Amino acid sequence: MTEKILITGGAGYIGSHTTLEFLLAGKEVVVLDNLCNGSPEALLRIERLCGKQPELIIGDICDASILNELFDKHRIAAVLHFAGLKSVSESVREPLAYYENNVMGSLNLCKAMARAGVYHLVFSSSATVYGDPAQMPIHENVPTGALTNPYGRSKLIVEQLLQDLADSDPRWSIAILRYFNPVGAHSSGLIGEDPQGTPNNLLPYVAQVAIGRFSELAVYGNDYPTRDGTGVRDYIHVVDLASGHLKALQAIESTNGVKTWNLGTGTGYTVLEVIKAFERASGRQVPYRIVSRRPGDVAECWASPAKAAEELDWHAVHDLETMMIDLWRWQLKNPRGYSPQAIQLV
Ligand code: NAD
Ligand code: UDP
């Protein structure tokens with residue numbers, strides 16, 4: 001039986017781009033996704049791009065029997081674990097759903113992996129675990145912060161759970177990847193981010209204003225101590241993020257314990273700079289209005305990617321302009337994301 005990589009959440013935004021990256025690298029992939037925020041259409045389009053479609057198992061990481069069955073049926077070499085809920089505001093309203101999906105789901109997954117004798121895991125964490133750090137850029141050894149929402153806490157709890165697990169059993173080899181702000185889409189315009197309902201994140205909202213779904217963008221505060229008063233973030237192209245997973249998995253193949261890497265570019269941009277870059281890339285105006293700060297937002301957050309560069313030989317190669325061009329191509333080709341009305345492709 002061929003060894004495969006299990007990708008939980010592989011029908012979602014980052015998971016689909018990483019699935020493509022792994023298939024292009026010649027890996028066999030099985031996707032487990034409950035489709036609460038993912039689309040099987042993404043996997044069909046992956047096949048159009050690389051000629052191979054990963055097997056999709058529709059199921060929940062909270063369901064131990066599905067996990068056990070999957071590990072019994074497939075010979076899994078390693079797991080990339082993207083599945084989870086990711087909205088900060090929703091996590092404040094529905095903390096139990098976040099602890100259940102993100103913490104219990106991860107715990108279940110680790111139990112099923114141990115039962116099956118699979119000990120290589122790459123976990124999707126987030127720069128949110130740093131809270132509001134006093135220094136920029138953020139290195140991996142900056143203390144994890146006082147977190148203000150259940151989403152961030154759920155990520156930090158899983159990080160700690162994984163450390164305890166690796167401490168308890170040297171067979172575990174785990175990569176924790178702390179993503180900064182993933183944006184953009186595959187250059188084909190075939191796969192991209194398809195947020196359900198009103199987007200929470202800046203770039204999907206900007207793109208949907210440009211396409212005419214919303215009349216204007218609310219910019220959350222222009223009184224931060226930054227270049228132009230708006231928040232600074234480290235936006236990273238989703239394809240760079242995907243390639244970081246390949247490198248991380250290669251790096252943990254022959255080691256053990258937990259390794260933590262930031263995946264960011266090392267450059268921060270303000271909200272107004274991002275809007276201008278998007279307007280240049282799309283040729284469309286993005287009307288915006290300054291409103292008050294969004295609770296829980298920090299003034300700036302950008303990575304030191306030095307550790308990933310040194311230890312993984314990984315570098316983000318796409319600049320902000322490319323991120324915006326690729327996002328706009330995806331948005332133009334798929335004004336309604338993956339929904340059936342959107343099939344008007346090349
Ligand atoms: P996404 O919502 O597009 O993808 C997550 C996928 O997981 C979806 O396809 C969803 O259907 C699936 N899923 C959710 N709960 C599940 C469950 N219980 N069982 C099985 N499948 C389940 O999100 P994304 O942006 O691709 O994020 C992927 C991971 O990266 C998440 O863990 C997220 O917290 C983390 N992350 C995302 C960002 C970001 O800004 N997008 C930043 C930092 C970290
Ligand atoms: N932002 C904004 N308007 C929006 C969404 C976001 O001004 O509709 C700002 C937000 O305050 C932050 C930046 O854009 O400074 C990135 O926010 P996002 O939600 O995309 O990512 P976060 O860094 O909060 O995870």
# chains A, B, ... in the order shown; residues from 1 in each chain; ligands from 1
$ closest_atom_pairs --of "chain A" --to "ligand 1" --cutoff "8 Å" --atoms "only C-alpha atoms and all ligand atoms" --output "CSV"
residue,atom,partner,partner_atom_place_in_ligand_line,distance
A:Thr8,CA,ligand 1,21 (N),6.1
A:Gly9,CA,ligand 1,7 (O),3.3
A:Gly10,CA,ligand 1,9 (O),5.9
A:Ala11,CA,ligand 1,9 (O),4.3
A:Gly12,CA,ligand 1,9 (O),3.3
A:Tyr13,CA,ligand 1,26 (O),3.7
A:Ile14,CA,ligand 1,26 (O),3.7
A:Gly15,CA,ligand 1,26 (O),5.3
A:Ser16,CA,ligand 1,26 (O),7.5
A:Leu32,CA,ligand 1,20 (C),6.1
A:Asp33,CA,ligand 1,21 (N),3.7
A:Asn34,CA,ligand 1,21 (N),4.1
A:Leu35,CA,ligand 1,11 (O),3.6
A:Cys36,CA,ligand 1,11 (O),3.9
A:Asn37,CA,ligand 1,11 (O),3.7
A:Gly38,CA,ligand 1,9 (O),3.2
A:Ser39,CA,ligand 1,9 (O),6.5
A:Ile58,CA,ligand 1,20 (C),7.6
A:Gly59,CA,ligand 1,20 (C),5.8
A:Asp60,CA,ligand 1,19 (N),3.5
A:Ile61,CA,ligand 1,19 (N),4.1
A:Cys62,CA,ligand 1,18 (N),5.6
A:His81,CA,ligand 1,32 (O),7.1
A:Phe82,CA,ligand 1,29 (C),4.1
A:Ala83,CA,ligand 1,7 (O),3.4
A:Gly84,CA,ligand 1,15 (N),3.8
A:Leu85,CA,ligand 1,14 (C),5.3
A:Lys86,CA,ligand 1,34 (O),4.3
A:Ser87,CA,ligand 1,34 (O),7.9
A:Glu100,CA,ligand 1,18 (N),8.0
A:Asn101,CA,ligand 1,18 (N),4.7
A:Asn102,CA,ligand 1,18 (N),7.2
A:Gly105,CA,ligand 1,18 (N),6.0
A:Phe123,CA,ligand 1,32 (O),7.8
A:Ser124,CA,ligand 1,30 (O),4.8
A:Ser125,CA,ligand 1,44 (C),5.1
A:Ser126,CA,ligand 1,43 (C),4.0
A:Ala127,CA,ligand 1,43 (C),6.6
A:Thr128,CA,ligand 1,43 (C),7.4
A:Tyr151,CA,ligand 1,34 (O),7.8
A:Lys155,CA,ligand 1,34 (O),7.5
A:Arg178,CA,ligand 1,43 (C),6.7
A:Tyr179,CA,ligand 1,43 (C),4.7
A:Phe180,CA,ligand 1,42 (C),6.1
A:Asn181,CA,ligand 1,40 (O),5.3
A:Pro182,CA,ligand 1,40 (O),5.2
A:Val183,CA,ligand 1,40 (O),7.6
A:Glu193,CA,ligand 1,3 (O),6.7
A:Asp194,CA,ligand 1,3 (O),7.2
A:Pro195,CA,ligand 1,3 (O),7.2
A:Asn201,CA,ligand 1,40 (O),7.4
$ residues_around --residues "Val103 (chain A)" --least-positions-apart "5" --cutoff "8 Å" --atoms "only C-alpha atoms" --output "PyMOL selection string"
chain A and resi 98+154-155+157-158
$ write_last_selection --atoms "C-alpha atoms" --output "compact mmCIF listing (two decimals), in the first residue's frame"
# COMPACT_ATOMS: atom_id res chain seq x y z
CA TYR A 98 -14.20 26.43 19.15
CA SER A 154 -7.80 27.11 21.41
CA LYS A 155 -4.65 27.35 19.23
CA ILE A 157 -3.96 24.99 24.14
CA VAL A 158 -3.33 22.67 21.18
$ residues_near_ligand --ligand "ligand 2" --cutoff "7 Å" --atoms "only C-alpha atoms and all ligand atoms" --output "PyMOL selection string"
chain A and resi 181+200-203+205+217-221+230-233+271+293-294+297+299
$ write_last_selection --atoms "N, CA, C and O atoms" --output "PDB file, in the first residue's frame"
ATOM      1  N   ASN A 181      -0.597  36.531   8.100  1.00  0.00           N
ATOM      2  CA  ASN A 181      -1.907  36.784   7.459  1.00  0.00           C
ATOM      3  C   ASN A 181      -1.966  36.200   6.045  1.00  0.00           C
ATOM      4  O   ASN A 181      -1.530  36.865   5.089  1.00  0.00           O
ATOM      5  N   ASN A 200     -14.683  38.306   7.515  1.00  0.00           N
ATOM      6  CA  ASN A 200     -14.123  38.991   8.685  1.00  0.00           C
ATOM      7  C   ASN A 200     -12.775  39.611   8.372  1.00  0.00           C
ATOM      8  O   ASN A 200     -12.383  40.598   8.958  1.00  0.00           O
ATOM      9  N   ASN A 201     -12.068  38.984   7.426  1.00  0.00           N
ATOM     10  CA  ASN A 201     -10.688  39.411   7.156  1.00  0.00           C
ATOM     11  C   ASN A 201     -10.641  40.514   6.115  1.00  0.00           C
ATOM     12  O   ASN A 201     -11.527  40.646   5.277  1.00  0.00           O
ATOM     13  N   LEU A 202      -9.558  41.270   6.178  1.00  0.00           N
ATOM     14  CA  LEU A 202      -9.435  42.457   5.327  1.00  0.00           C
ATOM     15  C   LEU A 202      -9.513  42.144   3.824  1.00  0.00           C
ATOM     16  O   LEU A 202     -10.323  42.727   3.106  1.00  0.00           O
ATOM     17  N   LEU A 203      -8.658  41.243   3.352  1.00  0.00           N
ATOM     18  CA  LEU A 203      -8.550  41.091   1.892  1.00  0.00           C
ATOM     19  C   LEU A 203      -9.792  40.529   1.217  1.00  0.00           C
ATOM     20  O   LEU A 203     -10.207  41.050   0.171  1.00  0.00           O
ATOM     21  N   TYR A 205     -12.716  40.984   2.135  1.00  0.00           N
ATOM     22  CA  TYR A 205     -13.699  42.084   2.170  1.00  0.00           C
ATOM     23  C   TYR A 205     -13.369  43.116   1.080  1.00  0.00           C
ATOM     24  O   TYR A 205     -14.244  43.551   0.323  1.00  0.00           O
ATOM     25  N   LEU A 217     -15.619  49.594   2.457  1.00  0.00           N
ATOM     26  CA  LEU A 217     -14.872  48.875   3.492  1.00  0.00           C
ATOM     27  C   LEU A 217     -14.846  49.739   4.741  1.00  0.00           C
ATOM     28  O   LEU A 217     -14.686  50.961   4.653  1.00  0.00           O
ATOM     29  N   ALA A 218     -15.004  49.105   5.909  1.00  0.00           N
ATOM     30  CA  ALA A 218     -14.782  49.826   7.165  1.00  0.00           C
ATOM     31  C   ALA A 218     -13.332  49.594   7.573  1.00  0.00           C
ATOM     32  O   ALA A 218     -12.897  48.448   7.699  1.00  0.00           O
ATOM     33  N   VAL A 219     -12.580  50.668   7.708  1.00  0.00           N
ATOM     34  CA  VAL A 219     -11.189  50.545   8.178  1.00  0.00           C
ATOM     35  C   VAL A 219     -11.214  50.760   9.692  1.00  0.00           C
ATOM     36  O   VAL A 219     -11.627  51.819  10.176  1.00  0.00           O
ATOM     37  N   TYR A 220     -10.772  49.731  10.402  1.00  0.00           N
ATOM     38  CA  TYR A 220     -10.910  49.751  11.858  1.00  0.00           C
ATOM     39  C   TYR A 220      -9.800  50.554  12.530  1.00  0.00           C
ATOM     40  O   TYR A 220      -8.837  50.011  13.043  1.00  0.00           O
ATOM     41  N   GLY A 221      -9.979  51.873  12.550  1.00  0.00           N
ATOM     42  CA  GLY A 221      -9.090  52.742  13.314  1.00  0.00           C
ATOM     43  C   GLY A 221      -7.941  53.300  12.508  1.00  0.00           C
ATOM     44  O   GLY A 221      -7.285  52.570  11.761  1.00  0.00           O
ATOM     45  N   THR A 230      -3.115  53.240  10.634  1.00  0.00           N
ATOM     46  CA  THR A 230      -3.905  51.997  10.504  1.00  0.00           C
ATOM     47  C   THR A 230      -3.024  50.786  10.848  1.00  0.00           C
ATOM     48  O   THR A 230      -1.791  50.871  10.849  1.00  0.00           O
ATOM     49  N   GLY A 231      -3.683  49.675  11.133  1.00  0.00           N
ATOM     50  CA  GLY A 231      -2.983  48.491  11.637  1.00  0.00           C
ATOM     51  C   GLY A 231      -1.992  47.912  10.626  1.00  0.00           C
ATOM     52  O   GLY A 231      -2.233  47.942   9.411  1.00  0.00           O
ATOM     53  N   VAL A 232      -0.885  47.397  11.134  1.00  0.00           N
ATOM     54  CA  VAL A 232       0.149  46.793  10.278  1.00  0.00           C
ATOM     55  C   VAL A 232       0.132  45.275  10.459  1.00  0.00           C
ATOM     56  O   VAL A 232       0.122  44.770  11.580  1.00  0.00           O
ATOM     57  N   ARG A 233       0.118  44.564   9.320  1.00  0.00           N
ATOM     58  CA  ARG A 233       0.138  43.094   9.359  1.00  0.00           C
ATOM     59  C   ARG A 233       1.131  42.568   8.327  1.00  0.00           C
ATOM     60  O   ARG A 233       1.450  43.242   7.357  1.00  0.00           O
ATOM     61  N   VAL A 271      -3.165  48.978   6.617  1.00  0.00           N
ATOM     62  CA  VAL A 271      -4.426  48.733   5.903  1.00  0.00           C
ATOM     63  C   VAL A 271      -4.514  49.647   4.671  1.00  0.00           C
ATOM     64  O   VAL A 271      -4.880  49.197   3.573  1.00  0.00           O
ATOM     65  N   ARG A 293     -11.686  51.502  16.284  1.00  0.00           N
ATOM     66  CA  ARG A 293     -10.887  50.270  16.329  1.00  0.00           C
ATOM     67  C   ARG A 293     -11.759  49.052  16.576  1.00  0.00           C
ATOM     68  O   ARG A 293     -12.771  49.151  17.270  1.00  0.00           O
ATOM     69  N   ARG A 294     -11.342  47.904  16.054  1.00  0.00           N
ATOM     70  CA  ARG A 294     -12.042  46.651  16.320  1.00  0.00           C
ATOM     71  C   ARG A 294     -11.484  46.076  17.621  1.00  0.00           C
ATOM     72  O   ARG A 294     -10.256  45.943  17.752  1.00  0.00           O
ATOM     73  N   ASP A 297      -7.966  43.997  18.335  1.00  0.00           N
ATOM     74  CA  ASP A 297      -6.922  44.178  17.320  1.00  0.00           C
ATOM     75  C   ASP A 297      -5.663  44.767  17.948  1.00  0.00           C
ATOM     76  O   ASP A 297      -5.734  45.600  18.844  1.00  0.00           O
ATOM     77  N   ALA A 299      -1.896  46.881  17.196  1.00  0.00           N
ATOM     78  CA  ALA A 299      -1.437  47.904  16.250  1.00  0.00           C
ATOM     79  C   ALA A 299      -0.627  47.261  15.138  1.00  0.00           C
ATOM     80  O   ALA A 299      -0.844  47.526  13.957  1.00  0.00           O
TER      81      ALA A 299
END
$ residues_around --residues "region 257-262 of chain A" --least-positions-apart "2" --cutoff "10 Å" --atoms "only C-alpha atoms" --output "VMD selection string"
chain A and resid 120 to 123 125 to 127 138 to 141 159 162 to 180 244 248 251 to 252 255 264 to 266 302 to 309 311 to 312
$ select_by_dssp --residues "region 36-256 of chain A" --states "alpha helix (DSSP H)" --output "PyMOL selection string"
chain A and resi 40-50+64-73+88-93+95-98+105-116+150-168+202-210+238-252
$ residues_around --residues "His17 (chain A)" --least-positions-apart "6" --cutoff "9 Å" --atoms "only C-alpha atoms" --output "PDB file with N, CA, C and O atoms, in the first residue's frame"
ATOM      1  N   GLY A  10      -8.546  19.813   4.151  1.00  0.00           N
ATOM      2  CA  GLY A  10      -7.931  20.006   2.830  1.00  0.00           C
ATOM      3  C   GLY A  10      -8.862  20.596   1.782  1.00  0.00           C
ATOM      4  O   GLY A  10      -8.413  20.966   0.694  1.00  0.00           O
ATOM      5  N   ALA A  11     -10.167  20.709   2.104  1.00  0.00           N
ATOM      6  CA  ALA A  11     -11.081  21.343   1.157  1.00  0.00           C
ATOM      7  C   ALA A  11     -11.250  22.832   1.460  1.00  0.00           C
ATOM      8  O   ALA A  11     -12.022  23.527   0.805  1.00  0.00           O
ATOM      9  N   ILE A  46      -8.457  21.214  -8.243  1.00  0.00           N
ATOM     10  CA  ILE A  46      -7.079  20.766  -8.038  1.00  0.00           C
ATOM     11  C   ILE A  46      -6.739  19.722  -9.097  1.00  0.00           C
ATOM     12  O   ILE A  46      -5.650  19.712  -9.663  1.00  0.00           O
ATOM     13  N   ALA A 185      -4.339  33.869  -3.847  1.00  0.00           N
ATOM     14  CA  ALA A 185      -4.940  32.656  -4.394  1.00  0.00           C
ATOM     15  C   ALA A 185      -3.959  32.066  -5.383  1.00  0.00           C
ATOM     16  O   ALA A 185      -2.992  32.730  -5.793  1.00  0.00           O
ATOM     17  N   HIS A 186      -4.236  30.842  -5.811  1.00  0.00           N
ATOM     18  CA  HIS A 186      -3.386  30.217  -6.823  1.00  0.00           C
ATOM     19  C   HIS A 186      -3.430  31.060  -8.100  1.00  0.00           C
ATOM     20  O   HIS A 186      -4.482  31.613  -8.445  1.00  0.00           O
ATOM     21  N   ILE A 191      -8.429  28.101  -7.673  1.00  0.00           N
ATOM     22  CA  ILE A 191      -8.709  27.895  -6.241  1.00  0.00           C
ATOM     23  C   ILE A 191      -8.339  29.161  -5.470  1.00  0.00           C
ATOM     24  O   ILE A 191      -7.429  29.899  -5.858  1.00  0.00           O
ATOM     25  N   GLY A 192      -9.080  29.405  -4.403  1.00  0.00           N
ATOM     26  CA  GLY A 192      -8.859  30.615  -3.619  1.00  0.00           C
ATOM     27  C   GLY A 192      -9.682  30.558  -2.351  1.00  0.00           C
ATOM     28  O   GLY A 192     -10.168  29.495  -1.960  1.00  0.00           O
ATOM     29  N   VAL A 238      -0.741  32.673  -0.010  1.00  0.00           N
ATOM     30  CA  VAL A 238      -1.145  31.338   0.426  1.00  0.00           C
ATOM     31  C   VAL A 238      -0.301  30.241  -0.232  1.00  0.00           C
ATOM     32  O   VAL A 238      -0.075  29.180   0.365  1.00  0.00           O
ATOM     33  N   VAL A 239       0.219  30.515  -1.428  1.00  0.00           N
ATOM     34  CA  VAL A 239       1.065  29.503  -2.088  1.00  0.00           C
ATOM     35  C   VAL A 239       2.429  29.398  -1.383  1.00  0.00           C
ATOM     36  O   VAL A 239       3.001  28.314  -1.259  1.00  0.00           O
ATOM     37  N   LEU A 241       2.757  29.911   1.786  1.00  0.00           N
ATOM     38  CA  LEU A 241       2.402  29.187   3.014  1.00  0.00           C
ATOM     39  C   LEU A 241       2.366  27.682   2.732  1.00  0.00           C
ATOM     40  O   LEU A 241       2.896  26.867   3.498  1.00  0.00           O
ATOM     41  N   ALA A 242       1.756  27.329   1.602  1.00  0.00           N
ATOM     42  CA  ALA A 242       1.647  25.912   1.234  1.00  0.00           C
ATOM     43  C   ALA A 242       3.041  25.295   1.085  1.00  0.00           C
ATOM     44  O   ALA A 242       3.297  24.190   1.589  1.00  0.00           O
TER      45      ALA A 242
END
$ atom_distance --atom1 "CA of Ile7 (chain A)" --atom2 "CA of Val31 (chain A)"
4.8 Å
$ atom_distance --atom1 "CA of Asp72 (chain A)" --atom2 "CA of Ile5 (chain A)"
13.9 Å
$ atom_distance --atom1 "CA of Leu272 (chain A)" --atom2 "CA of Ser187 (chain A)"
24.1 Å
